[in-house]
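Student: Have a peek at upload-v9.cif (mmCIF, C-alpha atoms and all ligand atoms).
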data_target
loop_
_atom_site.label_atom_id
_atom_site.label_comp_id
_atom_site.auth_asym_id
_atom_site.auth_seq_id
_atom_site.Cartn_x
_atom_site.Cartn_y
_atom_site.Cartn_z
CA MET N 1259 153.78 125.89 127.99
CA THR N 1260 152.42 126.44 124.49
CA ALA N 1261 150.86 129.80 123.76
CA VAL N 1262 147.18 129.74 122.92
CA PRO N 1263 146.69 131.14 119.40
CA GLU N 1264 144.36 134.05 118.81
CA THR N 1265 142.98 132.43 115.68
CA VAL N 1266 142.97 129.01 114.09
CA SER N 1267 142.43 128.03 110.48
CA ILE N 1268 139.61 125.75 109.52
CA SER N 1269 139.16 124.53 105.96
CA ILE N 1270 135.66 123.64 104.83
CA GLN N 1271 134.83 121.56 101.80
CA ARG N 1272 132.16 123.36 99.84
CA GLY N 1273 129.93 122.33 96.96
CA ALA N 1274 126.73 120.66 95.91
CA PRO N 1275 125.83 117.79 93.61
CA GLY N 1276 126.66 118.75 90.03
CA GLU N 1277 129.19 121.35 91.14
CA GLU N 1278 132.94 121.05 91.43
CA SER N 1279 133.75 120.88 95.13
CA HIS N 1280 136.35 123.23 96.56
CA VAL N 1281 137.89 124.04 99.92
CA GLU N 1282 137.66 127.43 101.59
CA THR N 1283 139.85 128.30 104.57
CA TYR N 1284 138.74 130.65 107.33
CA ASP N 1285 140.57 132.12 110.32
CA VAL N 1286 138.42 131.82 113.42
CA PRO N 1287 138.98 133.49 116.81
CA TYR N 1288 140.05 130.72 119.14
CA ARG N 1289 138.66 130.03 122.59
CA GLU N 1290 139.92 127.14 124.68
CA GLY N 1291 137.54 124.18 124.42
CA MET N 1292 135.58 125.45 121.44
CA SER N 1293 134.04 122.86 119.17
CA VAL N 1294 134.17 122.49 115.41
CA LEU N 1295 130.49 123.47 115.42
CA ASP N 1296 131.33 126.66 117.35
CA ALA N 1297 133.82 127.54 114.62
CA VAL N 1298 131.41 126.83 111.77
CA VAL N 1299 128.66 128.86 113.46
CA TRP N 1300 131.13 131.74 113.89
CA ILE N 1301 132.10 131.55 110.20
CA ARG N 1302 128.49 131.56 109.11
CA THR N 1303 127.61 134.44 111.44
CA HIS N 1304 130.62 136.67 110.77
CA VAL N 1305 132.19 135.76 107.43
CA ASP N 1306 130.11 133.69 105.04
CA SER N 1307 126.40 133.13 105.58
CA SER N 1308 126.27 130.74 102.63
CA VAL N 1309 128.08 127.88 104.41
CA ALA N 1310 125.53 125.07 104.72
CA PHE N 1311 125.59 122.88 107.82
CA ARG N 1312 123.06 121.37 110.15
CA TYR N 1313 122.75 120.90 113.89
CA SER N 1314 120.03 120.75 116.46
CA CYS N 1315 120.80 119.71 120.02
CA VAL N 1316 124.31 121.24 120.48
CA ASN N 1317 126.52 119.20 122.78
CA ALA N 1318 123.76 116.84 123.86
CA ASN N 1319 125.01 114.35 121.31
CA ALA N 1320 121.40 113.35 120.71
CA CYS N 1321 120.31 114.60 117.29
CA LYS N 1322 123.36 113.41 115.30
CA GLU N 1323 122.55 116.04 112.68
CA CYS N 1324 125.97 117.67 112.99
CA MET N 1325 127.92 114.64 111.78
CA VAL N 1326 130.74 115.66 109.44
CA ALA N 1327 134.14 114.40 108.41
CA VAL N 1328 136.85 116.07 110.50
CA ASN N 1329 140.25 115.44 108.95
CA GLY N 1330 138.59 112.54 107.15
CA LYS N 1331 137.11 110.94 110.27
CA THR N 1332 133.40 110.92 111.08
CA GLU N 1333 132.75 113.14 114.10
CA TYR N 1334 129.99 115.10 115.76
CA ALA N 1335 130.88 118.72 115.08
CA CYS N 1336 129.30 119.75 118.39
CA THR N 1337 131.60 117.57 120.47
CA ALA N 1338 134.77 117.52 118.32
CA ARG N 1339 137.23 120.02 119.77
CA LEU N 1340 138.79 122.54 117.42
CA SER N 1341 142.46 121.82 116.94
CA THR N 1342 144.92 124.70 117.20
CA ASP N 1343 146.86 123.00 114.38
CA GLY N 1344 144.02 123.68 111.95
CA MET N 1345 141.67 121.14 110.48
CA THR N 1346 139.65 120.23 107.44
CA VAL N 1347 135.91 119.67 107.71
CA GLY N 1348 133.85 118.07 104.96
CA PRO N 1349 130.59 116.25 104.41
CA LEU N 1350 130.20 112.59 105.28
CA THR N 1351 131.54 110.61 102.36
CA ASN N 1352 129.21 107.64 102.75
CA LYS N 1353 126.01 109.72 102.53
CA THR N 1354 124.36 111.62 99.70
CA LEU N 1355 125.64 115.20 99.56
CA ILE N 1356 123.03 117.93 99.77
CA ARG N 1357 125.35 120.96 100.01
CA ASP N 1358 128.63 121.83 101.77
CA LEU N 1359 128.56 119.97 105.12
CA VAL N 1360 124.97 118.76 104.81
CA THR N 1361 124.30 115.19 103.78
CA ASP N 1362 121.16 113.08 103.71
CA ILE N 1363 121.38 111.21 107.00
CA VAL N 1364 117.77 110.04 107.14
CA PRO N 1365 117.70 106.24 107.46
CA PRO N 1366 116.24 104.66 104.29
CA LYS N 1367 113.24 103.28 106.22
CA GLU N 1368 112.34 106.84 107.28
CA ASN N 1369 112.98 108.47 103.90
CA LEU N 1370 109.73 109.76 102.38
CA ARG N 1371 110.79 108.74 98.84
CA THR N 1372 111.44 105.18 100.03
CA ILE N 1373 108.17 105.05 101.95
CA LEU N 1374 106.16 106.33 98.97
CA ALA N 1375 107.92 103.97 96.58
CA GLU N 1376 107.14 100.99 98.83
CA ARG N 1377 103.55 102.16 99.25
CA ASP N 1378 103.15 102.48 95.48
CA GLY N 1379 104.76 99.10 94.88
CA GLY N 1380 107.95 100.47 93.35
S1 LIG N 1401 124.18 119.01 117.33
FE1 LIG N 1401 123.12 117.24 117.99
S2 LIG N 1401 124.63 115.67 118.09
FE2 LIG N 1401 125.70 117.48 117.49
#
Mind converting the file's structure to structure tokens?
Ligand code: FES
Tutor:
Amino acid sequence: MTAVPETVSISIQRGAPGEESHVETYDVPYREGMSVLDAVVWIRTHVDSSVAFRYSCVNANACKECMVAVNGKTEYACTARLSTDGMTVGPLTNKTLIRDLVTDIVPPKENLRTILAERDGG
């Protein structure tokens, strides 16, 4: 039987448009079954309140606002389980970066800029 670690490392890609992105690694107290979102919330609450991320429904898998890249694969942070081997979390690579883990996930048809441009004939 493998011992459950007291902490796990999670690396988060940080940065905003126009800035050089960088990775920061945090040690998070581990609880069996915790999600990537649980870890990011813990980091923001206890270590670094500047980490930008977004979520809404938490585990209902309904809002899709928590989508991030976990080890390069698109996942819902609220349902992705935290690996005891450590992991890297970054923003979605196919969406426009806003800051850190937050990307613009609004569908183009619902984007206010698109709607106004179409209304104004542009
Ligand atoms: S927080 Fe809503 S789907 Fe993850």
Student: Give me, as a PyMOL selection string, the set of residues whose atoms come within 7 Å of any atom of ligand LIG 1401 (chain N), counting all atoms listed in the file.
Tutor: chain N and resi 1313-1325+1334-1337
Student: How many Å separate CA of Asn1369 (chain N) from CA of Lys1353 (chain N)?
Tutor: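 Pair CA of Asn1369 (chain N) / CA of Lys1353 (chain N) returns 13.2 Å.
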Student: Which polymer residues have any atom within 10 Å of an atom of Lys1331 (chain N), counting all atoms listed in the file, with same-chain residues fewer than 5 positions away left out, as a list in words?
Tutor: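 These residues fall inside the cut-off: Val1326, Val1347, Gly1348, Leu1350 and Thr1351 of chain N.
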Student: Rank nothing, just name the residue among N:Thr1342, N:Asn1329, N:Ser1279, N:Ser1293 nearest to Ala1261 (chain N), using all atoms listed in the file.
Tutor: N:Thr1342
Student: List the spatial neighbours of region 1297-1306 of chain N as a JSON list (two decimals) with C-alpha atoms, in the frame of the given file - criterion: any atom at most 10 Å away, only C-alpha atoms, same-chain residues fewer than 6 positions off excluded.
Tutor:
[["chain", "number", "residue", "atom", "x", "y", "z"],
["N", 1266, "VAL", "CA", 142.97, 129.01, 114.09],
["N", 1267, "SER", "CA", 142.43, 128.03, 110.48],
["N", 1268, "ILE", "CA", 139.61, 125.75, 109.52],
["N", 1269, "SER", "CA", 139.16, 124.53, 105.96],
["N", 1270, "ILE", "CA", 135.66, 123.64, 104.83],
["N", 1284, "TYR", "CA", 138.74, 130.65, 107.33],
["N", 1285, "ASP", "CA", 140.57, 132.12, 110.32],
["N", 1286, "VAL", "CA", 138.42, 131.82, 113.42],
["N", 1287, "PRO", "CA", 138.98, 133.49, 116.81],
["N", 1288, "TYR", "CA", 140.05, 130.72, 119.14],
["N", 1289, "ARG", "CA", 138.66, 130.03, 122.59],
["N", 1312, "ARG", "CA", 123.06, 121.37, 110.15],
["N", 1313, "TYR", "CA", 122.75, 120.90, 113.89],
["N", 1335, "ALA", "CA", 130.88, 118.72, 115.08],
["N", 1336, "CYS", "CA", 129.30, 119.75, 118.39],
["N", 1339, "ARG", "CA", 137.23, 120.02, 119.77],
["N", 1340, "LEU", "CA", 138.79, 122.54, 117.42],
["N", 1347, "VAL", "CA", 135.91, 119.67, 107.71],
["N", 1359, "LEU", "CA", 128.56, 119.97, 105.12]]
Student: Could you jot down the CA of Ser1307 (chain N) to CA of Leu1370 (chain N) separation for me, Å, one decimal place?
Tutor: 28.9 Å
Student: Quick one: distance from CA of Val1360 (chain N) to CA of Phe1311 (chain N) in Å, one decimal?
Tutor: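 These atoms are spaced 5.1 Å apart.
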Student: If we count all atoms listed in the file and set the cut-off at 12 Å, which residues sit around Gly1276 (chain N), ignoring sequence neighbours fewer than 3 positions away in its own chain? Please answer as a compact mmCIF listing (two decimals) with C-alpha atoms, in the frame of the given file.
Tutor:
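Generated file (out.txt):
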# COMPACT_ATOMS: atom_id res chain seq x y z
CA GLY N 1273 129.93 122.33 96.96
CA SER N 1279 133.75 120.88 95.13
CA LEU N 1355 125.64 115.20 99.56
CA ILE N 1356 123.03 117.93 99.77
CA ARG N 1357 125.35 120.96 100.01
